[in-house]
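Undergrad: Structure below; questions to follow.
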Amino acid sequence: MSRWSTFSHRQQGLLLTGGGAIIMAPDALLIKVADLPDAEILMWRGFLSGLGFLLIALARYGRGTLAAYRRCGWTGIAVALLFSLTTCGFVLGNQYTKAGNVLMILASSPIIAAVLSWIILKERLPRRTWLAICLCMVGIAMIALDDAGAGSWVGNAFALMAATTLAINFTLCRTRPGVDMSPMLVFNGLVVGGVAGIFWLTGSESITLPSSNQLAVVILLCLIIVPCGVTLLQRGPLYLPSAEVGLLLLLEVVVGTLLAWWIIGEQPAPIAMVGGVLVLGTLSAKGLYERRLELRMRAGFEPASPITVDRSSTL
């Protein structure tokens with residue numbers, strides 16, 4: 001028996017989603033460090049992340065890679081297109097407004113996902129999850145308070161597009177329980193990279209490659225961080241309700257803020273520190289409480305009913 005199989009169904013979902021969120025934490029920071037034009041950063045992000053997603057799919061599925069793509073069907077195509085919009089919204093949101101605005105708007109993703117899951121999938125979330133969502137929204141608002149009035153409506157609109165399409169994406173994945181949609185992210189990379197590449201080639205008078213420092217940042221972000229982090233996040237809905245996947249994504253906000261403080265000296269205001277403690281404390285308390293419930297169910301109080309998961313490959 002592998003070490004992974006000793007974890008419960010819910011624990012696997014928490015580890016996958018939480019790990020993906022932490023891996024993605026430097027995303028907004030590195031976009032700003034790269035300091036490239038809109039179309040160029042999207043082009044590099046699209047093509048390099050697409051390559052990274054393909055390599056991960058081949059490593060996980062081997063000769064069964066084509067079968068893994070067939071299992072996704074039309075739902076997988078929709079997921080890829082939705083994530084293309086999420087990518088564009090997130091990157092362009094960070095280009096046109098301050099990170100605080102983008103993060104605060106992205107914090108609405110769990111609420112949107114919860115409403116969609118309730119309407120489409122008839123999933124009823126427990127009160128503790130709604131309470132955790134509300135507390136985390138307050139914490140994220142505290143983190144972003146200094147930037148709340150500084151952003152442009154264009155950047156805010158892009159951030160809202162990212163939050164909405166991400167919530168729809170995770171909810172859509174829940175309609176195909178047991179089917180891993182992460183291989184379809186290759187097509188997300190091709191769509192984003194291809195469209196952005198056309199705009200870059202036709203809109204620039206002089207085409208130049210990024211400097212060596214910029215290229216190193218782009219490769220680290222787009223070929224390594226994004227494919228690894230997003231692959232884990234995309235598997236989250238196989239194990240957890242989409243609203244809870246969105247809730248765990250808020251770890252990216254808090255850790256990303258701390259990284260910006262550490263690396264480029266963007267010291268958060270005291271109220272932002274309080275907000276970060278509130279988010280981390282809420283998620284920790286919720287996790288510990290649900291761990292106790294899980295142990296009680298294992299002891300025979302109530303049977304668990306996990307979703308069937310595609311176990312045809314390793315992580």
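Naming works like this for the structure tokens: A, B, ... for the chains as they're shown, residue 1 at the start of each chain, ligands 1 onward in shown order.
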Just want the 12 Å neighbourhood of Arg127 (chain A), counted on only C-alpha atoms, with same-chain residues fewer than 5 positions away dropped. Output as a CSV table (one decimal) with N, CA, C and O atoms, in the first residue's frame.
TA:
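The resulting file, result02.csv, is reproduced below:
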```
chain,number,residue,atom,x,y,z
A,114,ALA,N,-20.1,28.3,-4.8
A,114,ALA,CA,-21.1,27.8,-4.0
A,114,ALA,C,-22.5,28.0,-4.5
A,114,ALA,O,-23.3,27.0,-4.5
A,132,ALA,N,-17.0,30.0,7.0
A,132,ALA,CA,-15.5,30.1,6.7
A,132,ALA,C,-15.4,31.0,5.5
A,132,ALA,O,-14.4,31.8,5.4
A,133,ILE,N,-16.3,30.9,4.5
A,133,ILE,CA,-16.2,31.7,3.3
A,133,ILE,C,-16.3,33.2,3.7
A,133,ILE,O,-15.6,34.1,3.2
A,134,CYS,N,-17.3,33.5,4.5
A,134,CYS,CA,-17.5,34.9,4.9
A,134,CYS,C,-16.3,35.5,5.7
A,134,CYS,O,-15.9,36.6,5.4
A,286,LYS,N,-11.2,25.3,10.5
A,286,LYS,CA,-12.2,24.5,9.7
A,286,LYS,C,-11.6,23.1,9.4
A,286,LYS,O,-12.3,22.1,9.5
```
Undergrad: Write out as number ranges by chain the set of residues from region 106-240 of chain A that DSSP, computed on the backbone, places in alpha helix (DSSP H).
TA: A: 106, 109-116, 127-144, 153-173, 185-203, 212-219, 226-235
Undergrad: For Gly194 (chain A), find every residue with an atom within 12 Å (counting only C-alpha atoms), except residues of its own chain fewer than 3 positions away, and show them as a PyMOL selection string.
TA: chain A and resi 39-40+42-48+50+84+187-191+197-201
Undergrad: Using only C-alpha atoms, which residues sit within 10 Å of Val79 (chain A) once same-chain residues fewer than 3 positions away are excluded, as a list of chain:residue names?
TA: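 The contact residues come out as A:Cys72, A:Trp74, A:Thr75, A:Gly76, A:Leu82, A:Phe83, A:Ser84, A:Thr165, A:Leu166, A:Ile168, A:Asn169, A:Phe170, A:Thr171, A:Leu172, A:Cys173, A:Met181, A:Ser182, A:Met184, A:Leu185, A:Phe187, A:Asn188, A:Gln234.
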Undergrad: Restricting the calculation to only C-alpha atoms, which member of A:Trp4, A:Thr208, A:Leu238, A:Val254 is positioned closest to Val274 (chain A)?
TA: A:Val254
Undergrad: Give the answer as one residue: which of A:Val186, A:Leu249, A:Ile111, A:Val33 has the shortest atom-to-atom distance to Leu223 (chain A), using only C-alpha atoms?
TA: A:Val186
Undergrad: Rounded to one decimal place, report the CA of Gly246 (chain A)-CA of Val102 (chain A) distance in Å.
TA: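 CA of Val102 (chain A) lies at a distance of 14.9 Å from CA of Gly246 (chain A).
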Undergrad: Would you work out the distance separating CA of Asp38 (chain A) from CA of Trp262 (chain A), expressed in Å to one decimal?
TA: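 The value is 25.7 Å.
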Undergrad: Using only C-alpha atoms, which residue out of A:Ala162, A:Ile56, A:Leu215, A:Leu248 lies closest to Asn94 (chain A)?
TA: A:Ala162
Undergrad: In Å to one decimal, how far is CA of Ala113 (chain A) from CA of Ala57 (chain A)?
TA: 26.4 Å
Undergrad: Report as a list of chain:residue names all protein, DNA and RNA residues lying within 9 Å of Leu121 (chain A), evaluated on only C-alpha atoms, omitting residues in the same chain fewer than 3 positions from it.
TA: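 These residues fall inside the cut-off: A:Leu116, A:Ser117, A:Trp118, A:Arg124, A:Thr171, A:Arg174, A:Thr175.
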Undergrad: Could the residues in this selection be written to a file with N, CA and C atoms, as a compact mmCIF listing (two decimals), in the first residue's frame?
TA:
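Just written: part.txt:
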```txt
# COMPACT_ATOMS: atom_id res chain seq x y z
N LEU A 116 -23.30 28.42 -7.73
CA LEU A 116 -23.43 27.59 -8.93
C LEU A 116 -23.64 26.12 -8.57
N SER A 117 -22.89 25.64 -7.58
CA SER A 117 -23.04 24.24 -7.16
C SER A 117 -24.42 23.98 -6.58
N TRP A 118 -24.95 24.98 -5.85
CA TRP A 118 -26.30 24.84 -5.28
C TRP A 118 -27.36 24.80 -6.38
N ARG A 124 -25.52 21.09 -1.22
CA ARG A 124 -25.79 21.97 -0.09
C ARG A 124 -24.57 21.98 0.83
N THR A 171 -17.02 24.02 -10.93
CA THR A 171 -18.36 23.45 -10.85
C THR A 171 -18.61 22.48 -12.00
N ARG A 174 -17.22 19.08 -11.46
CA ARG A 174 -18.01 18.25 -10.55
C ARG A 174 -19.11 17.49 -11.27
N THR A 175 -19.47 17.91 -12.49
CA THR A 175 -20.51 17.20 -13.23
C THR A 175 -20.00 15.89 -13.82
```
Undergrad: Could you produce a table of the residues of region 65-162 of chain A lying within 9 Å of region 25-31 of chain A, with the nearest pair of atoms per residue and their separation in Å rounded to one decimal, using only C-alpha atoms, ordered by chain and increasing residue number, as JSON lines?
TA:
```
{"residue": "A:Phe90", "atom": "CA", "partner": "A:Ala28", "partner_atom": "CA", "distance": 8.3}
{"residue": "A:Val91", "atom": "CA", "partner": "A:Ile31", "partner_atom": "CA", "distance": 7.3}
{"residue": "A:Asn94", "atom": "CA", "partner": "A:Ala28", "partner_atom": "CA", "distance": 6.9}
{"residue": "A:Gln95", "atom": "CA", "partner": "A:Ile31", "partner_atom": "CA", "distance": 8.3}
{"residue": "A:Ala99", "atom": "CA", "partner": "A:Ala28", "partner_atom": "CA", "distance": 7.1}
```
Undergrad: For the residues in the current selection, export C-alpha atoms as a compact mmCIF listing (two decimals), in the first residue's frame.
TA:
```txt
# COMPACT_ATOMS: atom_id res chain seq x y z
CA PHE A 90 -5.75 37.08 -13.95
CA VAL A 91 -2.74 38.23 -15.96
CA ASN A 94 -2.50 42.34 -12.57
CA GLN A 95 -1.31 44.43 -15.51
CA ALA A 99 -2.56 43.17 -6.94
```
Undergrad: For a quick check of understanding, using only C-alpha atoms, which of A:Glu252, A:Asp35, A:Asp180, A:Glu123 has the smallest distance to Val279 (chain A)?
TA: A:Glu252
